[in-house]
$ cat entry.pdb   # PDB, C-alpha atoms, pLDDT in the B column
ATOM      1  CA  MET I  64       1.966   5.220 -33.477  1.00 55.00           C
ATOM      2  CA  LYS I  65      -0.837   6.612 -31.364  1.00 63.00           C
ATOM      3  CA  THR I  66      -2.428   9.855 -32.334  1.00 71.00           C
ATOM      4  CA  ILE I  67      -3.053  12.630 -29.844  1.00 69.00           C
ATOM      5  CA  ASP I  68      -6.792  11.850 -29.884  1.00 71.00           C
ATOM      6  CA  THR I  69      -6.088   8.215 -29.023  1.00 75.00           C
ATOM      7  CA  LEU I  70      -3.706   9.224 -26.241  1.00 68.00           C
ATOM      8  CA  MET I  71      -6.226  11.628 -24.749  1.00 71.00           C
ATOM      9  CA  LYS I  72      -8.794   8.809 -24.573  1.00 79.00           C
ATOM     10  CA  ASP I  73      -6.380   6.666 -22.546  1.00 80.00           C
ATOM     11  CA  PRO I  74      -7.532   6.967 -18.901  1.00 78.00           C
ATOM     12  CA  ARG I  75      -3.937   6.834 -17.627  1.00 74.00           C
ATOM     13  CA  VAL I  76      -2.887   9.761 -19.808  1.00 75.00           C
ATOM     14  CA  ARG I  77      -5.996  11.705 -18.811  1.00 81.00           C
ATOM     15  CA  GLN I  78      -5.271  11.005 -15.131  1.00 78.00           C
ATOM     16  CA  LEU I  79      -1.671  12.151 -15.458  1.00 75.00           C
ATOM     17  CA  LEU I  80      -2.755  15.336 -17.206  1.00 81.00           C
ATOM     18  CA  LEU I  81      -5.405  16.093 -14.574  1.00 86.00           C
ATOM     19  CA  TYR I  82      -2.917  15.352 -11.779  1.00 81.00           C
ATOM     20  CA  ALA I  83      -0.480  17.811 -13.318  1.00 81.00           C
ATOM     21  CA  ILE I  84      -3.178  20.498 -13.549  1.00 91.00           C
ATOM     22  CA  CYS I  85      -4.463  19.930  -9.995  1.00 93.00           C
ATOM     23  CA  GLY I  86      -0.962  19.597  -8.596  1.00 88.00           C
ATOM     24  CA  GLY I  87       0.092  22.689 -10.517  1.00 89.00           C
ATOM     25  CA  THR I  88      -2.774  24.602  -8.935  1.00 95.00           C
ATOM     26  CA  GLY I  89      -1.591  23.471  -5.509  1.00 92.00           C
ATOM     27  CA  VAL I  90       1.995  24.436  -6.340  1.00 87.00           C
ATOM     28  CA  LEU I  91       0.852  27.825  -7.624  1.00 94.00           C
ATOM     29  CA  THR I  92      -1.149  28.378  -4.415  1.00 96.00           C
ATOM     30  CA  ASP I  93       1.941  27.418  -2.389  1.00 92.00           C
ATOM     31  CA  LEU I  94       4.210  29.675  -4.427  1.00 92.00           C
ATOM     32  CA  ILE I  95       1.907  32.703  -4.278  1.00 96.00           C
ATOM     33  CA  LEU I  96       1.503  32.474  -0.509  1.00 97.00           C
ATOM     34  CA  PHE I  97       5.233  31.789  -0.013  1.00 94.00           C
ATOM     35  CA  THR I  98       6.141  34.813  -2.141  1.00 95.00           C
ATOM     36  CA  ALA I  99       3.688  37.103  -0.348  1.00 97.00           C
ATOM     37  CA  LEU I 100       4.857  36.049   3.107  1.00 97.00           C
ATOM     38  CA  VAL I 101       8.562  36.373   2.244  1.00 95.00           C
ATOM     39  CA  HIS I 102       7.793  39.793   0.741  1.00 96.00           C
ATOM     40  CA  TYR I 103       6.397  40.849   4.138  1.00 97.00           C
ATOM     41  CA  ASP I 104       9.577  39.638   5.874  1.00 96.00           C
ATOM     42  CA  ILE I 105       8.147  36.404   7.235  1.00 97.00           C
ATOM     43  CA  ASN I 106      10.917  33.837   7.740  1.00 95.00           C
ATOM     44  CA  TYR I 107      11.269  31.701   4.607  1.00 91.00           C
ATOM     45  CA  GLN I 108      10.750  28.439   6.531  1.00 89.00           C
ATOM     46  CA  VAL I 109       7.520  29.744   8.132  1.00 95.00           C
ATOM     47  CA  ALA I 110       6.414  30.942   4.690  1.00 95.00           C
ATOM     48  CA  ASN I 111       7.291  27.522   3.271  1.00 88.00           C
ATOM     49  CA  ALA I 112       5.162  25.735   5.895  1.00 89.00           C
ATOM     50  CA  ALA I 113       2.154  28.009   5.359  1.00 95.00           C
ATOM     51  CA  GLY I 114       2.354  27.849   1.580  1.00 94.00           C
ATOM     52  CA  TYR I 115       2.928  24.124   1.586  1.00 86.00           C
ATOM     53  CA  ALA I 116      -0.044  23.351   3.838  1.00 90.00           C
ATOM     54  CA  THR I 117      -2.384  25.597   1.846  1.00 95.00           C
ATOM     55  CA  GLY I 118      -1.216  24.236  -1.503  1.00 93.00           C
ATOM     56  CA  THR I 119      -1.486  20.669  -0.242  1.00 89.00           C
ATOM     57  CA  LEU I 120      -5.076  21.120   0.869  1.00 93.00           C
ATOM     58  CA  ALA I 121      -6.020  22.691  -2.482  1.00 96.00           C
ATOM     59  CA  SER I 122      -4.284  19.878  -4.354  1.00 93.00           C
ATOM     60  CA  PHE I 123      -6.035  17.177  -2.299  1.00 94.00           C
ATOM     61  CA  ILE I 124      -9.481  18.649  -2.895  1.00 95.00           C
ATOM     62  CA  LEU I 125      -8.884  19.021  -6.633  1.00 96.00           C
ATOM     63  CA  ASN I 126      -7.200  15.646  -7.146  1.00 92.00           C
ATOM     64  CA  ARG I 127      -9.802  13.797  -5.103  1.00 92.00           C
ATOM     65  CA  HIS I 128     -12.601  15.239  -7.184  1.00 93.00           C
ATOM     66  CA  PHE I 129     -11.207  15.652 -10.696  1.00 92.00           C
ATOM     67  CA  THR I 130      -8.251  13.288 -11.071  1.00 86.00           C
ATOM     68  CA  PHE I 131      -9.046  10.177  -9.080  1.00 85.00           C
ATOM     69  CA  GLN I 132     -12.771  10.633  -8.409  1.00 86.00           C
ATOM     70  CA  VAL I 133     -12.349   8.760  -5.148  1.00 86.00           C
ATOM     71  CA  TYR I 134     -14.862   9.826  -2.532  1.00 87.00           C
ATOM     72  CA  ASP I 135     -14.670   7.065   0.053  1.00 91.00           C
ATOM     73  CA  LYS I 136     -12.614   7.309   3.245  1.00 91.00           C
ATOM     74  CA  ALA I 137     -12.130  11.046   2.857  1.00 90.00           C
ATOM     75  CA  PHE I 138     -10.445  11.654   6.209  1.00 93.00           C
ATOM     76  CA  ARG I 139      -8.185   8.607   5.843  1.00 94.00           C
ATOM     77  CA  ARG I 140      -7.175   9.733   2.369  1.00 93.00           C
ATOM     78  CA  LEU I 141      -6.661  13.312   3.571  1.00 93.00           C
ATOM     79  CA  ALA I 142      -4.408  12.017   6.350  1.00 94.00           C
ATOM     80  CA  LEU I 143      -2.435   9.915   3.843  1.00 94.00           C
ATOM     81  CA  PHE I 144      -2.214  12.884   1.471  1.00 93.00           C
ATOM     82  CA  PHE I 145      -0.883  15.112   4.236  1.00 91.00           C
ATOM     83  CA  GLY I 146       1.468  12.304   5.304  1.00 94.00           C
ATOM     84  CA  THR I 147       2.970  12.189   1.843  1.00 91.00           C
ATOM     85  CA  ALA I 148       2.969  15.985   1.832  1.00 86.00           C
ATOM     86  CA  LEU I 149       4.920  15.924   5.110  1.00 90.00           C
ATOM     87  CA  ILE I 150       7.574  13.802   3.429  1.00 93.00           C
ATOM     88  CA  GLY I 151       7.630  16.289   0.561  1.00 87.00           C
ATOM     89  CA  TYR I 152       7.697  19.210   2.974  1.00 84.00           C
ATOM     90  CA  LEU I 153      10.672  17.772   4.850  1.00 93.00           C
ATOM     91  CA  ALA I 154      12.487  17.258   1.558  1.00 93.00           C
ATOM     92  CA  SER I 155      11.569  20.807   0.510  1.00 89.00           C
ATOM     93  CA  SER I 156      12.715  22.292   3.812  1.00 91.00           C
ATOM     94  CA  ALA I 157      16.001  20.415   3.738  1.00 95.00           C
ATOM     95  CA  LEU I 158      16.668  21.461   0.145  1.00 95.00           C
ATOM     96  CA  LEU I 159      15.740  25.072   0.966  1.00 93.00           C
ATOM     97  CA  TRP I 160      18.079  25.051   3.961  1.00 95.00           C
ATOM     98  CA  VAL I 161      20.934  23.833   1.777  1.00 96.00           C
ATOM     99  CA  LEU I 162      20.238  26.369  -0.954  1.00 95.00           C
ATOM    100  CA  VAL I 163      19.369  29.415   1.207  1.00 94.00           C
ATOM    101  CA  SER I 164      21.209  29.033   4.508  1.00 95.00           C
ATOM    102  CA  ALA I 165      24.200  26.954   3.484  1.00 95.00           C
ATOM    103  CA  GLN I 166      24.768  28.195  -0.079  1.00 95.00           C
ATOM    104  CA  GLY I 167      23.386  31.757   0.150  1.00 95.00           C
ATOM    105  CA  PHE I 168      20.891  31.628  -2.723  1.00 95.00           C
ATOM    106  CA  ALA I 169      17.752  33.788  -2.620  1.00 94.00           C
ATOM    107  CA  PRO I 170      14.642  32.090  -1.185  1.00 91.00           C
ATOM    108  CA  LEU I 171      12.321  32.390  -4.214  1.00 88.00           C
ATOM    109  CA  PRO I 172      14.629  30.894  -6.876  1.00 92.00           C
ATOM    110  CA  SER I 173      15.561  28.215  -4.358  1.00 93.00           C
ATOM    111  CA  LYS I 174      11.906  27.384  -3.759  1.00 86.00           C
ATOM    112  CA  ILE I 175      11.295  27.093  -7.508  1.00 87.00           C
ATOM    113  CA  ALA I 176      14.323  24.820  -7.864  1.00 89.00           C
ATOM    114  CA  THR I 177      12.984  22.415  -5.240  1.00 89.00           C
ATOM    115  CA  LEU I 178       9.507  22.103  -6.770  1.00 81.00           C
ATOM    116  CA  ALA I 179      10.340  19.547  -9.476  1.00 78.00           C
ATOM    117  CA  ILE I 180      12.039  17.152  -7.058  1.00 85.00           C
ATOM    118  CA  VAL I 181       9.222  17.355  -4.533  1.00 83.00           C
ATOM    119  CA  LEU I 182       6.530  17.062  -7.234  1.00 76.00           C
ATOM    120  CA  VAL I 183       7.941  13.768  -8.541  1.00 76.00           C
ATOM    121  CA  LEU I 184       8.326  12.414  -5.013  1.00 84.00           C
ATOM    122  CA  GLN I 185       4.774  13.268  -3.988  1.00 80.00           C
ATOM    123  CA  PHE I 186       3.159  12.112  -7.240  1.00 77.00           C
ATOM    124  CA  SER I 187       4.749   8.702  -6.817  1.00 80.00           C
ATOM    125  CA  LEU I 188       3.620   8.377  -3.197  1.00 87.00           C
ATOM    126  CA  ASN I 189       0.086   9.664  -3.776  1.00 84.00           C
ATOM    127  CA  ARG I 190      -0.541   7.453  -6.770  1.00 80.00           C
ATOM    128  CA  ALA I 191       0.740   4.360  -4.971  1.00 85.00           C
ATOM    129  CA  ILE I 192      -0.766   5.001  -1.528  1.00 88.00           C
ATOM    130  CA  THR I 193      -3.291   7.799  -1.128  1.00 89.00           C
ATOM    131  CA  PHE I 194      -5.526   7.350  -4.141  1.00 85.00           C
ATOM    132  CA  ARG I 195      -5.204   3.661  -4.868  1.00 81.00           C
ATOM    133  CA  ALA I 196      -8.555   1.965  -5.243  1.00 70.00           C
ATOM    134  CA  SER I 197     -10.088   0.431  -2.154  1.00 63.00           C
ATOM    135  CA  THR I 198      -9.800  -3.325  -1.981  1.00 53.00           C
ATOM    136  CA  GLY I 199     -12.391  -4.497   0.509  1.00 50.00           C
ATOM    137  CA  ASN I 200     -12.405  -3.400   4.135  1.00 45.00           C
ATOM    138  CA  GLN I 201      -9.226  -1.516   4.910  1.00 43.00           C
TER     139      GLN I 201
END

$ encode --input "entry.pdb" --output "structure tokens"
Amino acid sequence: MKTIDTLMKDPRVRQLLLYAICGGTGVLTDLILFTALVHYDINYQVANAAGYATGTLASFILNRHFTFQVYDKAFRRLALFFGTALIGYLASSALLWVLVSAQGFAPLPSKIATLAIVLVLQFSLNRAITFRASTGNQ
């Protein structure tokens, strides 16, 4: 059985941990902005878009530097990151619509409930597409 020290030396475990921290920072940024905007009576979908975009940009910058240490093709990778974020955003918006508009739940608890689903979706897409290592001239 591996010890914690051995696990922490495994680059895959380290990457997953860093991704969680960087992604968590992006989610926290999203949640703080969403909460503030909803508090000031901004429509929850507008607040979701603003929070999502801001959190996504923060997450990209942090993950690019700390998690994946991939510095090539920055604009291409940013576009891919925002593309995967768009998929996550659409999933988030649809889930929020179901929970808030169709079911009558409050926006903030609904937003929190959607985070886990969207996090797993985006992690899978970003790991497989956005931050995969370059293989020659793409």

$ resolve_selection --input "entry.pdb" --expression "the PyMOL selection byres ((chain I and resi 152) around 10)" --output "list of chain:residue names"
I:Asn111, I:Ala112, I:Tyr115, I:Ala116, I:Thr119, I:Phe145, I:Gly146, I:Thr147, I:Ala148, I:Leu149, I:Ile150, I:Gly151, I:Leu153, I:Ala154, I:Ser155, I:Ser156, I:Ala157, I:Leu158, I:Val181, I:Gln185

$ write_last_selection --input "entry.pdb" --atoms "C-alpha atoms" --output "short mmCIF file (atom, residue, chain, number, x, y, z; two decimals), in the coordinates of the input"
data_model
loop_
_atom_site.label_atom_id
_atom_site.label_comp_id
_atom_site.auth_asym_id
_atom_site.auth_seq_id
_atom_site.Cartn_x
_atom_site.Cartn_y
_atom_site.Cartn_z
CA ASN I 111 7.29 27.52 3.27
CA ALA I 112 5.16 25.74 5.90
CA TYR I 115 2.93 24.12 1.59
CA ALA I 116 -0.04 23.35 3.84
CA THR I 119 -1.49 20.67 -0.24
CA PHE I 145 -0.88 15.11 4.24
CA GLY I 146 1.47 12.30 5.30
CA THR I 147 2.97 12.19 1.84
CA ALA I 148 2.97 15.98 1.83
CA LEU I 149 4.92 15.92 5.11
CA ILE I 150 7.57 13.80 3.43
CA GLY I 151 7.63 16.29 0.56
CA LEU I 153 10.67 17.77 4.85
CA ALA I 154 12.49 17.26 1.56
CA SER I 155 11.57 20.81 0.51
CA SER I 156 12.72 22.29 3.81
CA ALA I 157 16.00 20.42 3.74
CA LEU I 158 16.67 21.46 0.14
CA VAL I 181 9.22 17.36 -4.53
CA GLN I 185 4.77 13.27 -3.99
#

$ atom_distance --input "entry.pdb" --atom1 "atom CA of I:Asn189" --atom2 "atom CA of I:Phe144"
6.6 Å

$ residues_around --input "entry.pdb" --residues "I:Thr117" --least-positions-apart "3" --cutoff "7 Å" --atoms "only C-alpha atoms" --output "tab-separated table (two decimals) with C-alpha atoms, keeping the file's coordinate frame"
chain	number	residue	atom	x	y	z
I	92	THR	CA	-1.15	28.38	-4.42
I	93	ASP	CA	1.94	27.42	-2.39
I	113	ALA	CA	2.15	28.01	5.36
I	114	GLY	CA	2.35	27.85	1.58
I	120	LEU	CA	-5.08	21.12	0.87
I	121	ALA	CA	-6.02	22.69	-2.48

$ resolve_selection --input "entry.pdb" --expression "the PyMOL selection byres ((chain I and resi 175) around 12)" --output "list in words"
Val90, Leu91, Asp93, Leu94, Ile95, Phe97, Thr98, Asn111, Ser155, Leu158, Leu159, Leu162, Phe168, Ala169, Pro170, Leu171, Pro172, Ser173, Lys174, Ala176, Thr177, Leu178, Ala179, Ile180, Val181 and Leu182 of chain I

$ atom_distance --input "entry.pdb" --atom1 "atom CA of I:Ala83" --atom2 "atom CA of I:Val163"
27.2 Å

$ atom_distance --input "entry.pdb" --atom1 "atom CA of I:Arg195" --atom2 "atom CA of I:Ala137"
12.7 Å

$ closest_residue --input "entry.pdb" --among "I:Val183, I:Ala191, I:Ile84, I:Leu96" --to "I:Val109" --atoms "all atoms listed in the file"
I:Leu96

$ resolve_selection --input "entry.pdb" --expression "the PyMOL selection byres ((chain I and resi 134) around 12)" --output "JSON, numbers by chain"
{"I": [123, 124, 125, 126, 127, 128, 129, 130, 131, 132, 133, 135, 136, 137, 138, 139, 140, 141, 193, 194, 195, 196, 197]}

$ closest_residue --input "entry.pdb" --among "I:Gly89, I:Arg190, I:Tyr107, I:Gly118" --to "I:Leu143" --atoms "all atoms listed in the file"
I:Arg190

$ closest_residue --input "entry.pdb" --among "I:Ile192, I:Gln108, I:Ala99, I:Leu79" --to "I:Ser164" --atoms "only C-alpha atoms"
I:Gln108
